[in-house]
>>> print(open('protein22.csv').read())   # CSV, C-alpha atoms
chain,number,residue,atom,x,y,z
A,594,MET,CA,84.9,-268.2,-85.4
A,595,ILE,CA,84.1,-269.1,-81.8
A,596,ASN,CA,83.8,-266.0,-79.6
A,597,ILE,CA,84.3,-265.5,-75.9
A,598,VAL,CA,81.2,-266.3,-73.8
A,599,LYS,CA,79.1,-263.2,-72.7
A,600,GLY,CA,80.0,-262.0,-69.3
A,601,THR,CA,83.7,-263.2,-69.4
A,602,LYS,CA,86.8,-261.4,-70.4
A,603,ASP,CA,90.3,-262.3,-71.5
A,604,ILE,CA,93.1,-260.8,-69.4
A,605,LEU,CA,95.6,-260.0,-72.2
A,606,PRO,CA,99.4,-259.9,-71.8
A,607,GLN,CA,99.4,-256.0,-71.8
A,608,ASP,CA,96.9,-256.1,-68.9
A,609,ALA,CA,98.6,-258.9,-66.9
A,610,ALA,CA,101.1,-256.6,-65.1
A,611,GLN,CA,98.2,-254.8,-63.4
A,612,TRP,CA,96.7,-258.1,-62.1
A,613,GLN,CA,100.1,-259.3,-61.0
A,614,ASN,CA,100.5,-256.1,-59.1
A,615,MET,CA,97.2,-256.5,-57.3
A,616,GLU,CA,98.1,-260.1,-56.4
A,617,ALA,CA,101.7,-259.2,-55.3
A,618,LYS,CA,100.3,-256.3,-53.1
A,619,ALA,CA,97.8,-258.7,-51.5
A,620,LEU,CA,100.6,-261.2,-50.6
A,621,GLU,CA,102.7,-258.3,-49.3
A,622,VAL,CA,100.1,-256.6,-47.1
A,623,PHE,CA,98.2,-259.6,-45.8
A,624,SER,CA,101.5,-261.4,-44.8
A,625,LYS,CA,102.3,-258.4,-42.6
A,626,TYR,CA,99.1,-259.1,-40.7
A,627,GLY,CA,99.8,-262.8,-40.4
A,628,TYR,CA,97.4,-264.1,-43.0
A,629,LYS,CA,98.2,-267.3,-44.9
A,630,GLU,CA,97.0,-268.0,-48.4
A,631,ILE,CA,94.3,-270.7,-49.0
A,632,ARG,CA,93.2,-272.0,-52.4
A,633,THR,CA,89.9,-273.8,-52.5
A,634,PRO,CA,88.2,-275.6,-55.5
A,635,VAL,CA,86.2,-273.5,-57.9
A,636,PHE,CA,83.2,-275.8,-57.5
A,637,GLU,CA,81.7,-277.2,-54.4
A,638,ALA,CA,78.6,-279.2,-53.4
A,639,THR,CA,75.5,-277.0,-54.1
A,640,GLU,CA,74.4,-277.5,-50.5
A,641,LEU,CA,77.4,-275.6,-49.2
A,642,PHE,CA,76.0,-272.4,-50.8
A,643,SER,CA,72.3,-273.0,-50.2
A,644,ARG,CA,73.0,-273.5,-46.5
A,645,GLY,CA,75.9,-271.1,-46.1
A,646,VAL,CA,75.0,-268.2,-48.3
A,647,GLY,CA,71.3,-268.6,-47.7
A,648,ASP,CA,68.4,-269.9,-49.8
A,649,THR,CA,66.6,-266.6,-49.6
A,650,THR,CA,69.5,-264.7,-51.3
A,651,ASP,CA,69.6,-263.6,-54.9
A,652,ILE,CA,72.8,-265.4,-55.3
A,653,VAL,CA,71.3,-268.8,-54.5
A,654,ASN,CA,67.9,-268.1,-56.1
A,655,LYS,CA,69.0,-266.5,-59.4
A,656,GLU,CA,72.7,-266.4,-60.0
A,657,MET,CA,74.4,-269.7,-59.3
A,658,TYR,CA,75.9,-271.9,-62.1
A,659,THR,CA,74.8,-275.4,-61.0
A,660,PHE,CA,75.1,-278.7,-62.8
A,661,GLU,CA,74.5,-282.4,-62.1
A,662,LYS,CA,77.3,-285.0,-62.1
A,663,ASN,CA,76.7,-288.6,-61.1
A,664,GLU,CA,73.4,-287.6,-59.4
A,665,ARG,CA,75.2,-285.0,-57.3
A,666,SER,CA,74.5,-281.3,-57.5
A,667,LEU,CA,77.7,-279.2,-57.9
A,668,THR,CA,78.0,-275.4,-58.2
A,669,LEU,CA,80.7,-273.0,-59.4
A,670,ARG,CA,81.5,-270.9,-56.4
A,671,PRO,CA,79.6,-267.6,-56.4
A,672,GLU,CA,81.7,-266.4,-53.5
A,673,ASN,CA,84.5,-267.9,-51.4
A,674,THR,CA,83.7,-267.4,-47.7
A,675,ALA,CA,81.5,-270.6,-47.6
A,676,GLY,CA,84.3,-272.6,-49.3
A,677,VAL,CA,87.0,-271.3,-46.9
A,678,VAL,CA,84.7,-272.2,-43.9
A,679,ARG,CA,84.2,-275.7,-45.3
A,680,SER,CA,88.0,-276.1,-45.6
A,681,TYR,CA,88.5,-274.7,-42.1
A,682,ILE,CA,86.1,-277.3,-40.7
A,683,GLU,CA,87.2,-280.2,-42.9
A,684,ASN,CA,90.9,-279.7,-42.2
A,685,GLY,CA,90.6,-279.3,-38.4
A,686,MET,CA,91.8,-275.7,-38.3
A,687,SER,CA,89.8,-275.1,-35.2
A,688,ARG,CA,92.7,-277.0,-33.4
A,689,LEU,CA,95.1,-274.2,-34.4
A,690,SER,CA,95.8,-271.3,-32.1
A,691,ALA,CA,93.3,-268.4,-32.6
A,692,PRO,CA,93.1,-266.3,-34.6
A,693,VAL,CA,93.3,-268.4,-37.7
A,694,LYS,CA,93.9,-265.9,-40.5
A,695,LEU,CA,93.4,-266.9,-44.2
A,696,TRP,CA,93.4,-265.0,-47.5
A,697,TYR,CA,92.4,-266.0,-51.0
A,698,LYS,CA,92.2,-264.8,-54.6
A,699,GLY,CA,90.6,-266.3,-57.6
A,700,PRO,CA,87.6,-266.5,-60.0
A,701,MET,CA,84.0,-266.6,-58.9
A,702,PHE,CA,80.9,-267.2,-61.0
A,703,ARG,CA,77.4,-265.5,-61.0
A,704,TYR,CA,74.8,-265.4,-63.7
A,705,GLU,CA,73.9,-261.7,-63.7
A,706,ARG,CA,73.7,-258.9,-66.2
A,707,PRO,CA,77.3,-257.9,-67.2
A,708,GLN,CA,78.1,-254.3,-66.4
A,709,ALA,CA,81.1,-252.0,-65.7
A,710,GLY,CA,83.4,-253.8,-63.3
A,711,ARG,CA,81.1,-256.8,-63.0
A,712,GLN,CA,81.2,-260.0,-65.1
A,713,ARG,CA,79.7,-263.5,-64.9
A,714,GLN,CA,83.2,-264.8,-64.3
A,715,PHE,CA,84.9,-262.3,-62.0
A,716,HIS,CA,87.7,-262.4,-59.5
A,717,GLN,CA,87.8,-261.6,-55.8
A,718,VAL,CA,90.5,-261.2,-53.2
A,719,GLY,CA,89.5,-261.5,-49.6
A,720,VAL,CA,90.5,-262.3,-46.0
A,721,GLU,CA,88.8,-264.4,-43.3
A,722,MET,CA,89.7,-264.4,-39.6
A,723,PHE,CA,88.4,-267.2,-37.3
A,724,GLY,CA,88.3,-267.5,-33.5
A,725,ILE,CA,88.2,-263.9,-32.2
A,726,LYS,CA,84.9,-262.6,-30.8
A,727,ASP,CA,86.3,-259.3,-29.6
A,728,ALA,CA,85.6,-256.1,-31.6
A,729,ALA,CA,89.3,-255.8,-32.2
A,730,ALA,CA,89.0,-258.4,-34.9
A,731,ASP,CA,86.4,-256.4,-36.7
A,732,ALA,CA,88.6,-253.3,-36.6
A,733,GLU,CA,91.7,-255.2,-37.8
A,734,VAL,CA,90.1,-256.7,-40.9
A,735,ILE,CA,88.8,-253.2,-41.8
A,736,LEU,CA,92.3,-251.8,-41.3
A,737,THR,CA,93.8,-254.6,-43.5
A,738,ALA,CA,91.4,-253.7,-46.3
A,739,VAL,CA,92.2,-250.0,-46.0
A,740,ASP,CA,96.0,-250.7,-46.0
A,741,TYR,CA,95.6,-253.0,-49.1
A,742,LEU,CA,93.7,-250.3,-51.0
A,743,ASN,CA,96.2,-247.7,-50.0
A,744,ALA,CA,99.0,-249.9,-51.2
A,745,LEU,CA,97.3,-250.0,-54.6
A,746,GLY,CA,97.2,-246.2,-54.6
A,747,LEU,CA,93.5,-245.8,-53.6
A,748,CYS,CA,93.5,-243.3,-50.7
A,749,ASP,CA,90.2,-241.4,-51.3
A,750,LEU,CA,88.2,-244.0,-49.3
A,751,GLU,CA,85.0,-243.9,-47.3
A,752,VAL,CA,84.1,-246.7,-44.8
A,753,GLU,CA,80.4,-247.2,-44.2
A,754,ILE,CA,79.5,-249.4,-41.3
A,755,ASN,CA,76.5,-250.8,-39.5
A,756,SER,CA,75.5,-253.4,-37.0
A,757,LEU,CA,72.9,-256.1,-37.8
A,758,GLY,CA,72.8,-257.3,-34.2
A,759,CYS,CA,72.7,-260.9,-33.1
A,760,PRO,CA,70.1,-263.4,-34.3
A,761,GLU,CA,67.9,-262.7,-31.3
A,762,CYS,CA,67.6,-258.9,-31.6
A,763,ARG,CA,67.5,-259.2,-35.4
A,764,GLU,CA,64.4,-261.5,-35.3
A,765,GLY,CA,62.5,-258.8,-33.3
A,766,TYR,CA,63.6,-256.2,-35.9
A,767,LYS,CA,62.2,-258.4,-38.8
A,768,ILE,CA,58.8,-258.5,-37.1
A,769,ARG,CA,58.9,-254.7,-36.8
A,770,ILE,CA,59.8,-254.3,-40.5
A,771,LYS,CA,56.9,-256.5,-41.6
A,772,ALA,CA,54.5,-254.7,-39.3
A,773,GLU,CA,55.5,-251.3,-40.6
A,774,LEU,CA,55.5,-252.4,-44.3
A,775,LYS,CA,52.4,-254.5,-44.3
A,776,LYS,CA,50.2,-251.7,-45.4
A,777,ASP,CA,52.5,-250.8,-48.3
A,778,PHE,CA,53.1,-254.4,-49.4
A,779,ASP,CA,51.5,-253.9,-52.8
A,780,SER,CA,53.8,-250.9,-53.4
A,781,LEU,CA,57.0,-253.0,-52.9
A,782,CYS,CA,58.9,-254.3,-55.9
A,783,PRO,CA,58.4,-258.0,-56.8
A,784,ASP,CA,61.7,-259.0,-55.2
A,785,CYS,CA,60.9,-257.2,-52.0
A,786,GLN,CA,57.4,-258.8,-51.9
A,787,SER,CA,59.2,-262.2,-51.9
A,788,ARG,CA,61.7,-261.0,-49.3
A,789,PHE,CA,58.8,-259.8,-47.1
A,790,GLU,CA,58.2,-263.3,-45.8
A,791,LYS,CA,61.6,-265.0,-46.3
A,792,ASN,CA,64.0,-262.3,-45.2
A,793,PRO,CA,62.4,-258.8,-44.6
A,794,LEU,CA,65.7,-257.4,-43.4
A,795,ARG,CA,67.0,-257.5,-47.0
A,796,ILE,CA,64.3,-255.0,-48.1
A,797,LEU,CA,66.5,-252.3,-46.5
A,798,ASP,CA,69.1,-253.2,-49.1
A,799,CYS,CA,66.8,-252.8,-52.1
A,800,LYS,CA,68.1,-250.3,-54.7
A,801,VAL,CA,64.6,-249.6,-56.2
A,802,PRO,CA,63.8,-245.9,-55.4
A,803,SER,CA,60.2,-246.6,-54.4
A,804,CYS,CA,61.3,-249.3,-51.9
A,805,GLN,CA,64.0,-247.0,-50.6
A,806,ALA,CA,61.4,-244.4,-49.9
A,807,LEU,CA,59.1,-246.9,-48.0
A,808,VAL,CA,61.9,-248.1,-45.7
A,809,ALA,CA,63.4,-244.6,-45.1
A,810,GLY,CA,61.0,-244.0,-42.1
A,811,ILE,CA,61.5,-247.3,-40.4
A,812,HIS,CA,63.1,-247.0,-37.0
A,813,LYS,CA,66.6,-248.6,-37.3
A,814,ASP,CA,67.9,-248.6,-33.7
A,815,PHE,CA,67.0,-252.2,-32.7
A,816,ILE,CA,70.2,-253.9,-31.5
A,817,CYS,CA,70.4,-255.2,-28.0
A,818,GLY,CA,72.7,-253.9,-25.3
A,819,GLY,CA,75.5,-256.4,-26.0
A,820,CYS,CA,75.5,-255.8,-29.7
A,821,ALA,CA,75.4,-252.0,-29.1
A,822,GLN,CA,78.4,-252.3,-26.9
A,823,HIS,CA,80.3,-254.4,-29.4
A,824,PHE,CA,79.5,-251.9,-32.2
A,825,GLU,CA,80.7,-248.9,-30.1
A,826,GLN,CA,83.9,-250.8,-29.3
A,827,VAL,CA,84.5,-251.3,-33.1
A,828,LEU,CA,84.0,-247.6,-33.7
A,829,SER,CA,86.3,-246.6,-30.9
A,830,TYR,CA,89.1,-248.8,-32.4
A,831,LEU,CA,88.5,-247.2,-35.8
A,832,ASP,CA,88.8,-243.8,-34.1
A,833,ALA,CA,92.0,-244.8,-32.5
A,834,LEU,CA,93.3,-246.0,-35.9
A,835,LYS,CA,92.2,-242.7,-37.5
A,836,ILE,CA,90.1,-244.6,-40.0
A,837,LYS,CA,87.4,-242.3,-41.3
A,838,TYR,CA,83.9,-243.9,-41.3
A,839,THR,CA,80.2,-243.2,-41.5
A,840,VAL,CA,77.5,-245.2,-39.7
A,841,ASN,CA,75.0,-246.2,-42.4
A,842,LYS,CA,71.9,-247.9,-40.9
A,843,MET,CA,70.9,-249.1,-44.4
A,844,ILE,CA,73.8,-251.5,-44.9
A,845,VAL,CA,72.6,-255.1,-44.5
A,846,ARG,CA,74.8,-256.9,-47.1
A,847,GLY,CA,73.3,-259.4,-49.5
A,848,LEU,CA,74.3,-262.6,-47.7
A,849,ASP,CA,72.3,-264.3,-44.9
A,850,TYR,CA,75.3,-265.3,-42.7
A,851,TYR,CA,76.2,-261.8,-41.5
A,852,ASN,CA,75.6,-260.7,-37.9
A,853,ARG,CA,76.7,-257.7,-35.9
A,854,THR,CA,79.3,-255.7,-37.8
A,855,VAL,CA,78.8,-255.2,-41.6
A,856,PHE,CA,80.7,-252.7,-43.7
A,857,GLU,CA,81.5,-251.4,-47.1
A,858,ILE,CA,84.5,-249.4,-48.3
A,859,LYS,CA,83.8,-247.0,-51.2
A,860,SER,CA,86.0,-245.1,-53.6
A,861,ASN,CA,84.9,-241.9,-55.2
A,862,ASN,CA,86.2,-242.9,-58.7
A,863,LEU,CA,83.4,-245.0,-60.0
A,864,GLY,CA,80.3,-242.8,-59.9
A,865,SER,CA,77.3,-244.6,-58.5
A,866,GLN,CA,78.9,-248.0,-58.5
A,867,ASN,CA,81.6,-247.1,-56.0
A,868,ALA,CA,81.7,-250.0,-53.5
A,869,VAL,CA,85.1,-251.7,-53.7
A,870,CYS,CA,85.0,-253.9,-50.6
A,871,GLY,CA,82.2,-255.5,-48.5
A,872,GLY,CA,82.3,-257.7,-45.5
A,873,GLY,CA,81.4,-258.2,-41.9
A,874,ARG,CA,81.1,-260.7,-39.0
A,875,TYR,CA,79.5,-264.1,-39.5
A,876,ASP,CA,79.7,-265.8,-36.1
A,877,SER,CA,77.2,-268.6,-36.8
A,878,LEU,CA,78.4,-269.8,-40.2
A,879,VAL,CA,81.0,-272.3,-39.0
A,880,LYS,CA,78.4,-274.0,-36.8
A,881,THR,CA,75.8,-273.8,-39.6
A,882,LEU,CA,78.1,-275.8,-41.9
A,883,GLY,CA,78.8,-278.5,-39.3
A,884,GLY,CA,81.7,-277.1,-37.3
A,885,GLU,CA,82.2,-275.9,-33.7
A,886,ASP,CA,80.7,-272.6,-32.6
A,887,THR,CA,83.4,-270.2,-33.9
A,888,PRO,CA,83.4,-266.4,-34.2
A,889,ALA,CA,84.6,-265.1,-37.6
A,890,VAL,CA,84.9,-261.9,-39.6
A,891,GLY,CA,86.1,-261.1,-43.1
A,892,TRP,CA,85.7,-259.2,-46.4
A,893,ALA,CA,86.0,-259.6,-50.2
A,894,MET,CA,86.9,-257.2,-53.0
A,895,GLY,CA,86.1,-257.5,-56.7
A,896,MET,CA,89.4,-257.4,-58.6
A,897,GLU,CA,87.8,-256.1,-61.8
A,898,ARG,CA,86.4,-253.2,-59.9
A,899,LEU,CA,89.9,-252.5,-58.4
A,900,ASN,CA,91.5,-252.8,-61.8
A,901,SER,CA,89.3,-250.1,-63.1
A,902,LEU,CA,90.3,-247.7,-60.3
A,903,ILE,CA,94.1,-248.0,-60.0
A,904,ALA,CA,96.6,-246.3,-62.2
A,905,PRO,CA,97.8,-248.4,-65.2
A,906,ILE,CA,101.1,-250.1,-64.9
A,907,GLU,CA,103.4,-250.3,-67.9
A,908,PRO,CA,104.6,-253.8,-68.7
A,909,GLN,CA,108.2,-254.3,-67.6
A,910,LYS,CA,110.7,-254.3,-70.4
A,911,LEU,CA,113.2,-257.0,-71.0
A,912,ASP,CA,116.7,-256.4,-69.6
A,913,ALA,CA,118.2,-257.1,-73.0
A,914,TYR,CA,117.4,-258.0,-76.6
A,915,ILE,CA,120.0,-259.9,-78.6
A,916,VAL,CA,120.5,-258.6,-82.2
A,917,SER,CA,122.2,-261.3,-84.2
A,918,ASN,CA,122.0,-263.4,-87.4
A,919,SER,CA,123.7,-266.3,-85.7
A,920,THR,CA,121.0,-268.2,-83.9
A,921,THR,CA,123.5,-270.5,-82.2
A,922,ALA,CA,125.5,-267.6,-80.8
A,923,ALA,CA,122.3,-265.8,-79.7
A,924,PHE,CA,121.0,-269.0,-78.0
A,925,GLY,CA,124.3,-269.4,-76.1
A,926,LEU,CA,124.4,-265.7,-74.9
A,927,ALA,CA,120.7,-265.7,-74.0
A,928,GLN,CA,120.9,-268.8,-71.8
A,929,GLU,CA,124.0,-267.5,-70.0
A,930,LEU,CA,122.2,-264.2,-69.2
A,931,ARG,CA,119.0,-266.0,-68.2
A,932,GLY,CA,121.0,-268.2,-65.9
A,933,ALA,CA,122.2,-265.0,-64.2
A,934,GLY,CA,118.6,-263.9,-63.6
A,935,LEU,CA,118.2,-261.5,-66.5
A,936,SER,CA,115.3,-261.4,-68.9
A,937,VAL,CA,116.5,-261.8,-72.5
A,938,GLU,CA,115.0,-262.5,-75.9
A,939,PHE,CA,116.2,-262.7,-79.5
A,940,ASP,CA,114.8,-263.0,-82.9
A,941,LEU,CA,114.1,-266.6,-83.7
A,942,SER,CA,113.2,-265.9,-87.3
A,943,ASN,CA,116.5,-264.1,-88.2
A,944,LYS,CA,115.1,-260.9,-89.6
A,945,LYS,CA,117.3,-258.0,-90.8
A,946,PHE,CA,119.4,-256.2,-88.2
A,947,THR,CA,117.3,-253.0,-88.6
A,948,LYS,CA,114.0,-254.9,-87.8
A,949,GLN,CA,115.7,-256.5,-84.9
A,950,LEU,CA,116.9,-253.2,-83.5
A,951,GLU,CA,113.3,-251.8,-83.9
A,952,LYS,CA,112.0,-254.7,-81.9
A,953,ALA,CA,114.7,-254.2,-79.3
A,954,ALA,CA,113.9,-250.5,-78.9
A,955,LYS,CA,110.2,-251.3,-78.1
A,956,THR,CA,110.8,-254.2,-75.7
A,957,ALA,CA,114.1,-253.9,-73.9
A,958,GLU,CA,116.5,-251.7,-71.9
A,959,PHE,CA,119.6,-252.8,-73.8
A,960,ALA,CA,120.4,-254.2,-77.3
A,961,LEU,CA,123.2,-256.7,-77.4
A,962,ILE,CA,124.6,-256.8,-80.8
A,963,LEU,CA,126.3,-260.0,-82.0
A,964,GLY,CA,127.5,-259.4,-85.6
A,965,GLU,CA,130.1,-261.3,-87.4
A,966,ASP,CA,132.9,-259.2,-86.0
A,967,GLU,CA,131.6,-259.6,-82.4
A,968,VAL,CA,131.3,-263.4,-82.8
A,969,GLU,CA,134.8,-263.7,-84.3
A,970,ASN,CA,136.4,-261.4,-81.7
A,971,ASN,CA,134.4,-262.9,-78.7
A,972,THR,CA,132.9,-259.5,-77.9
A,973,VAL,CA,129.4,-258.0,-77.6
A,974,SER,CA,128.3,-254.5,-78.5
A,975,VAL,CA,126.0,-253.1,-75.8
A,976,LYS,CA,123.6,-250.3,-76.8
A,977,ASN,CA,121.7,-248.4,-74.1
A,978,LEU,CA,118.3,-247.9,-75.8
A,979,SER,CA,117.4,-245.0,-73.5
A,980,THR,CA,120.5,-242.9,-74.2
A,981,ALA,CA,121.7,-244.4,-77.5
A,982,GLU,CA,125.2,-244.9,-76.0
A,983,GLN,CA,127.0,-247.9,-77.4
A,984,ILE,CA,130.1,-249.7,-76.2
A,985,THR,CA,131.8,-252.9,-77.1
A,986,VAL,CA,132.9,-255.3,-74.3
A,987,LYS,CA,134.5,-258.7,-73.9
A,988,ARG,CA,132.0,-261.5,-74.0
A,989,SER,CA,133.1,-262.7,-70.5
A,990,GLU,CA,132.2,-259.2,-69.1
A,991,ILE,CA,128.6,-258.9,-70.4
A,992,CYS,CA,126.8,-260.5,-67.4
A,993,THR,CA,128.6,-258.3,-64.9
A,994,ILE,CA,128.0,-255.1,-66.9
A,995,LEU,CA,124.3,-255.7,-67.3
A,996,LEU,CA,123.8,-256.7,-63.7
A,997,ARG,CA,125.6,-253.6,-62.6
A,998,LYS,CA,123.5,-251.4,-64.9
>>> encode(input="protein22.csv", output="structure tokens")
Amino acid sequence: MINIVKGTKDILPQDAAQWQNMEAKALEVFSKYGYKEIRTPVFEATELFSRGVGDTTDIVNKEMYTFEKNERSLTLRPENTAGVVRSYIENGMSRLSAPVKLWYKGPMFRYERPQAGRQRQFHQVGVEMFGIKDAAADAEVILTAVDYLNALGLCDLEVEINSLGCPECREGYKIRIKAELKKDFDSLCPDCQSRFEKNPLRILDCKVPSCQALVAGIHKDFICGGCAQHFEQVLSYLDALKIKYTVNKMIVRGLDYYNRTVFEIKSNNLGSQNAVCGGGRYDSLVKTLGGEDTPAVGWAMGMERLNSLIAPIEPQKLDAYIVSNSTTAAFGLAQELRGAGLSVEFDLSNKKFTKQLEKAAKTAEFALILGEDEVENNTVSVKNLSTAEQITVKRSEICTILLRK
């Protein structure tokens, strides 16, 4: 027997309703904000991620699934912002009236240790907004995320937010971090020792307790006046929208393209692993990948994580199950009802009536009985499987009766 690959999971029929609900709510909520769905390929040129995500990140250094084809390096997408930006540039979306609002859903791939709510093939839903530099765009994408989570029944949320500043003020901060940590370099974990030269800002995001203790005393108010004003404006919009938030100076996010606003949204239902959404502003990414200088902001959510938090949804029952030993008659009635928009099934193997009724009781709202008498008299016996009430009606009336009920 060939087993499923470690780090992947089947989404079985009994679970599919939950996923369909998450996807349907995404379309419903994001459409209200003017977002249009985009679907990008699941693999891209490796350079897209090394340039876009950043060659100092764990994703690029450790987690990408990369393969060679015809002397070209290709990578299964570990995240989708870079792919959406590539499509934005390649398809000339900069010519569209700003803001350009896009949303996506689909599988991503990272080679990391599988754990609760995280797999090597996982799914994300996310939004990206291009063309608006004002802090109102930051506030709206956060509001969109909160509304989407609320629509899924997640209301116990906490927004944590920070500003990373612009590239200029951030460079000065990197120098300060290195100066303050130089004496403690040998006490840093191996990953942070590597980050010390390549990207010292990411040391703030380390989850190793000893590293957290070392960075706790570093002065974190470093952003310039313009970035501080932008951040205060974001917070004032959140106040006006009555979105609860906490400023957390330790949030830096794990991707190099972020600048100014970064945020995470947390739910209190998953213990220590409670972040369900992460995002921020990435004003330099479009230009980095070959496009025009374009402000942008967005976020992504792990759908496996969401799935573990929301209340289970019962699979929808069939409208009717036809109980009959006449396959021809059952086919005819089933197709008539399906043509009217009803969901209908019958037993293709012609089991005994009792077995068919048992199946009907488990899977449908109504049993439609087509015995010899019903076929001969051109009638149908209709049994309400919730109340056990049963009536016999003319064959020509069955569509109208079921649609009414």
>>> residues_near_point(input="protein22.csv", point="(79.0, -258.6, -64.4)", cutoff="12 Å", atoms="only C-alpha atoms", output="number ranges by chain")
A: 599-602, 656, 701-716, 895-898
>>> write_last_selection(input="protein22.csv", atoms="C-alpha atoms", output="compact mmCIF listing (two decimals), in the coordinates of the input")
# COMPACT_ATOMS: atom_id res chain seq x y z
CA LYS A 599 79.10 -263.20 -72.70
CA GLY A 600 80.00 -262.00 -69.30
CA THR A 601 83.70 -263.20 -69.40
CA LYS A 602 86.80 -261.40 -70.40
CA GLU A 656 72.70 -266.40 -60.00
CA MET A 701 84.00 -266.60 -58.90
CA PHE A 702 80.90 -267.20 -61.00
CA ARG A 703 77.40 -265.50 -61.00
CA TYR A 704 74.80 -265.40 -63.70
CA GLU A 705 73.90 -261.70 -63.70
CA ARG A 706 73.70 -258.90 -66.20
CA PRO A 707 77.30 -257.90 -67.20
CA GLN A 708 78.10 -254.30 -66.40
CA ALA A 709 81.10 -252.00 -65.70
CA GLY A 710 83.40 -253.80 -63.30
CA ARG A 711 81.10 -256.80 -63.00
CA GLN A 712 81.20 -260.00 -65.10
CA ARG A 713 79.70 -263.50 -64.90
CA GLN A 714 83.20 -264.80 -64.30
CA PHE A 715 84.90 -262.30 -62.00
CA HIS A 716 87.70 -262.40 -59.50
CA GLY A 895 86.10 -257.50 -56.70
CA MET A 896 89.40 -257.40 -58.60
CA GLU A 897 87.80 -256.10 -61.80
CA ARG A 898 86.40 -253.20 -59.90
>>> closest_residue(input="protein22.csv", among="A:Leu745, A:Lys800, A:Pro905, A:Leu750", to="Lys859 of chain A", atoms="all atoms listed in the file")
A:Leu750
>>> closest_residue(input="protein22.csv", among="A:Val916, A:Ala732, A:Val937, A:Leu794", to="Gln949 of chain A", atoms="only C-alpha atoms")
A:Val916
>>> closest_residue(input="protein22.csv", among="A:Val890, A:Val752, A:Leu961, A:Ile811", to="Val986 of chain A", atoms="only C-alpha atoms")
A:Leu961
>>> residues_around(input="protein22.csv", residues="Asp798 of chain A", least_positions_apart="2", cutoff="10 Å", atoms="only C-alpha atoms", output="count of residues only")
15
>>> atom_distance(input="protein22.csv", atom1="atom CA of Leu941 of chain A", atom2="atom CA of Lys976 of chain A")
20.1 Å
>>> closest_residue(input="protein22.csv", among="A:Ser936, A:Asn918, A:Gln717, A:Ser787", to="Asn673 of chain A", atoms="only C-alpha atoms")
A:Gln717
>>> residues_around(input="protein22.csv", residues="Asn970 of chain A", least_positions_apart="3", cutoff="9 Å", atoms="only C-alpha atoms", output="PyMOL selection string")
chain A and resi 965-967+973+987-988
>>> atom_distance(input="protein22.csv", atom1="atom CA of Arg688 of chain A", atom2="atom CA of Phe723 of chain A")
11.4 Å
>>> residues_around(input="protein22.csv", residues="segment 850-852 of chain A", least_positions_apart="5", cutoff="7 Å", atoms="all atoms listed in the file", output="NGL selection string")
:A and (645-646 or 757-759 or 873-876 or 878)
